[in-house]
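Take a look at the structure set out below.
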Amino acid sequence: MFGYLVAKLGFLFVTVLIILVGAYFLYLLFTKAFREMGFDSGEAFLLLFASYIFGFNIFNIYLFTYNNWDIELNIGGALIPILLSIYLIVRKRISLSKVVVGVLIVSIVTYLVSYPDPSEGIVSPFPLWLLPAIAASLTSAILSYTTYRKAAPLAYISGVIGVLIGADVLHLMELLSYKAPEFAVAAIGGASVFDMVFLTGILAVIIDSILMFGQKRRERRVYYY
């Protein structure tokens, strides 16, 4: 009996430890992405914390009702990324022509890898939902090769806005064509920090930082000499 109890406690301890390590790894990953965009550690923590707290569906902003569907906007999973994208365009002086190209490419990729599901909303299966982030990273790396400091913000903007347009906007009427048997909620960005909108922006920045690593090293070496 005592051995069984020890085994159960040991299993529980290992499980909790794995969860904590995983959560800490995600925290480091997310905050690194925000730092790549020019935010310090404190600002990165606040952005991540706000996105998580306001990601609960009790904070959704109601937009409209159609065919028994309540269409809402999640603050943490969609509104904060949208506002952050606008801020980066203005603050980092990102070329609007590059933004349009990046958003257009990501929108097309996102539209092709996502589809409406009346029971879940707009969905994209793994690993296809990784493709928009890869597209955003590659596009920003090409468009910002000579100005790598703007590559990460451009990757984030292209990823966030591109997914919103390609998945939520372009597939919205298809979703609304399914009449819900009773009132259902379709929340844009409803999965908070684990929503495709939020994750695509973060992953795009991380992948972009890897792609631009050599360019960063060369610039630092020139500056040092």
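In the structure tokens, each chain is lettered A, B, ... as it comes, each chain's residues begin at 1, and ligands are numbered from 1 in order of appearance.
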Would you mind writing down, as a PyMOL selection string, each residue of region 15-203 of chain A that DSSP on the backbone assigns to strand (DSSP E or B)? chain A and resi 61-66+69-73+115-117+121-123+184-188
So that I can check the surroundings of Ser124 (chain A), please list as a ChimeraX atom specification every protein, DNA and RNA residue that reaches within 10 Å of it, counting only C-alpha atoms and ignoring chain neighbours fewer than 4 positions away. /A:110-117,128-130,167,196
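Straight-line separation from CA of Ser140 (chain A) to CA of Gly76 (chain A): 24.3 Å.
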In region 111-212 of chain A, DSSP alpha helix (DSSP H) residues written as an MDAnalysis selection string: chainID A and resid 111:113 131:143 151:163 172:176 196:211
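Taking only C-alpha atoms into account, Ser209 (chain A) lies nearest to A:Leu29 out of the set A:Leu63, A:Leu29, A:Ile75, A:Ile89.
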Do you know which residues are at most 12 Å from region 179-183 of chain A counting only C-alpha atoms, after dropping those on the same chain fewer than 6 positions away, and could you put them as a PyMOL selection string? chain A and resi 65-71+117-121+173
Written selection (C-alpha atoms) as a PDB file, in the first residue's frame:
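See out.pdb below for the written result:
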```
ATOM      1  CA  THR A  65     -25.780  37.623 -34.852  1.00  0.00           C
ATOM      2  CA  TYR A  66     -26.635  35.689 -38.008  1.00  0.00           C
ATOM      3  CA  ASN A  67     -28.422  32.375 -38.556  1.00  0.00           C
ATOM      4  CA  ASN A  68     -28.290  31.533 -34.822  1.00  0.00           C
ATOM      5  CA  TRP A  69     -24.550  32.335 -34.729  1.00  0.00           C
ATOM      6  CA  ASP A  70     -23.195  34.958 -32.350  1.00  0.00           C
ATOM      7  CA  ILE A  71     -20.012  36.338 -33.929  1.00  0.00           C
ATOM      8  CA  ASP A 117     -16.613  23.327 -39.067  1.00  0.00           C
ATOM      9  CA  PRO A 118     -20.097  23.978 -37.639  1.00  0.00           C
ATOM     10  CA  SER A 119     -19.146  22.293 -34.357  1.00  0.00           C
ATOM     11  CA  GLU A 120     -15.795  24.061 -33.853  1.00  0.00           C
ATOM     12  CA  GLY A 121     -15.717  27.189 -36.035  1.00  0.00           C
ATOM     13  CA  MET A 173     -19.896  33.276 -44.776  1.00  0.00           C
TER      14      MET A 173
END
```
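Within 9 Å of Ala136 (chain A), once only C-alpha atoms are used and residues closer than 4 positions along the same chain are dropped, the contacting residues are Gly102, Val103, Ile105, Val106, Leu131, Pro132, Ser140, Ala141, Leu154, Ala155, Tyr156, Ile157, Ser158, Gly159, Gly162, Thr200, Gly201, Ala204, Val205 and Asp208 of chain A.
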When distances are computed from only C-alpha atoms, which of A:Gly10, A:Thr139, A:Ala50, A:Ala184 shows the smallest separation from Ile207 (chain A)? A:Thr139
Would you kindly return, as a list in words, each protein, DNA or RNA residue with an atom no farther than 12 Å from any atom of Ile86 (chain A), considering only C-alpha atoms and excluding same-chain residues fewer than 6 positions away?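 Surrounding residues, per the criterion: Leu79, Ile80, Lys92, Arg93, Ile94, Leu96, Val99, Pro153, Leu154, Tyr156, Ile157, Ser158, Val160 and Ile161 of chain A.
Nearest-residue note for Ile108 (chain A): choosing from A:Lys32, A:Ile165, A:Tyr148, A:Leu88, the minimum distance belongs to A:Ile165, counting only C-alpha atoms.
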Which residues are close to Met37 (chain A), i.e. within 7 Å by only C-alpha atoms, leaving aside same-chain residues fewer than 3 positions away? Reply as a tab-separated table (two decimals) with N, CA and C atoms, in the first residue's frame.
```
chain	number	residue	atom	x	y	z
A	33	ALA	N	9.89	36.10	-28.70
A	33	ALA	CA	9.27	36.64	-29.91
A	33	ALA	C	8.97	38.13	-29.75
A	34	PHE	N	8.43	38.51	-28.59
A	34	PHE	CA	8.13	39.92	-28.35
A	34	PHE	C	9.41	40.76	-28.29
A	152	ALA	N	11.26	40.91	-38.19
A	152	ALA	CA	10.41	40.29	-37.16
A	152	ALA	C	9.05	40.97	-37.05
A	153	PRO	N	9.00	42.33	-36.96
A	153	PRO	CA	7.68	42.98	-36.93
A	153	PRO	C	6.85	42.66	-38.17
```
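For the pair CA of Gly55 (chain A) and CA of Leu172 (chain A), the separation is 20.6 Å.
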Pairwise distance for CA of Val163 (chain A) and CA of Ala133 (chain A), rounded to one decimal in Å: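 About the pair CA of Val163 (chain A) and CA of Ala133 (chain A): they are 9.0 Å apart.
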Distance query Pro81 (chain A) at most 7 Å, only C-alpha atoms, self and fewer than 4 positions along chain excluded, as a PyMOL selection string: chain A and resi 77+85+160+198
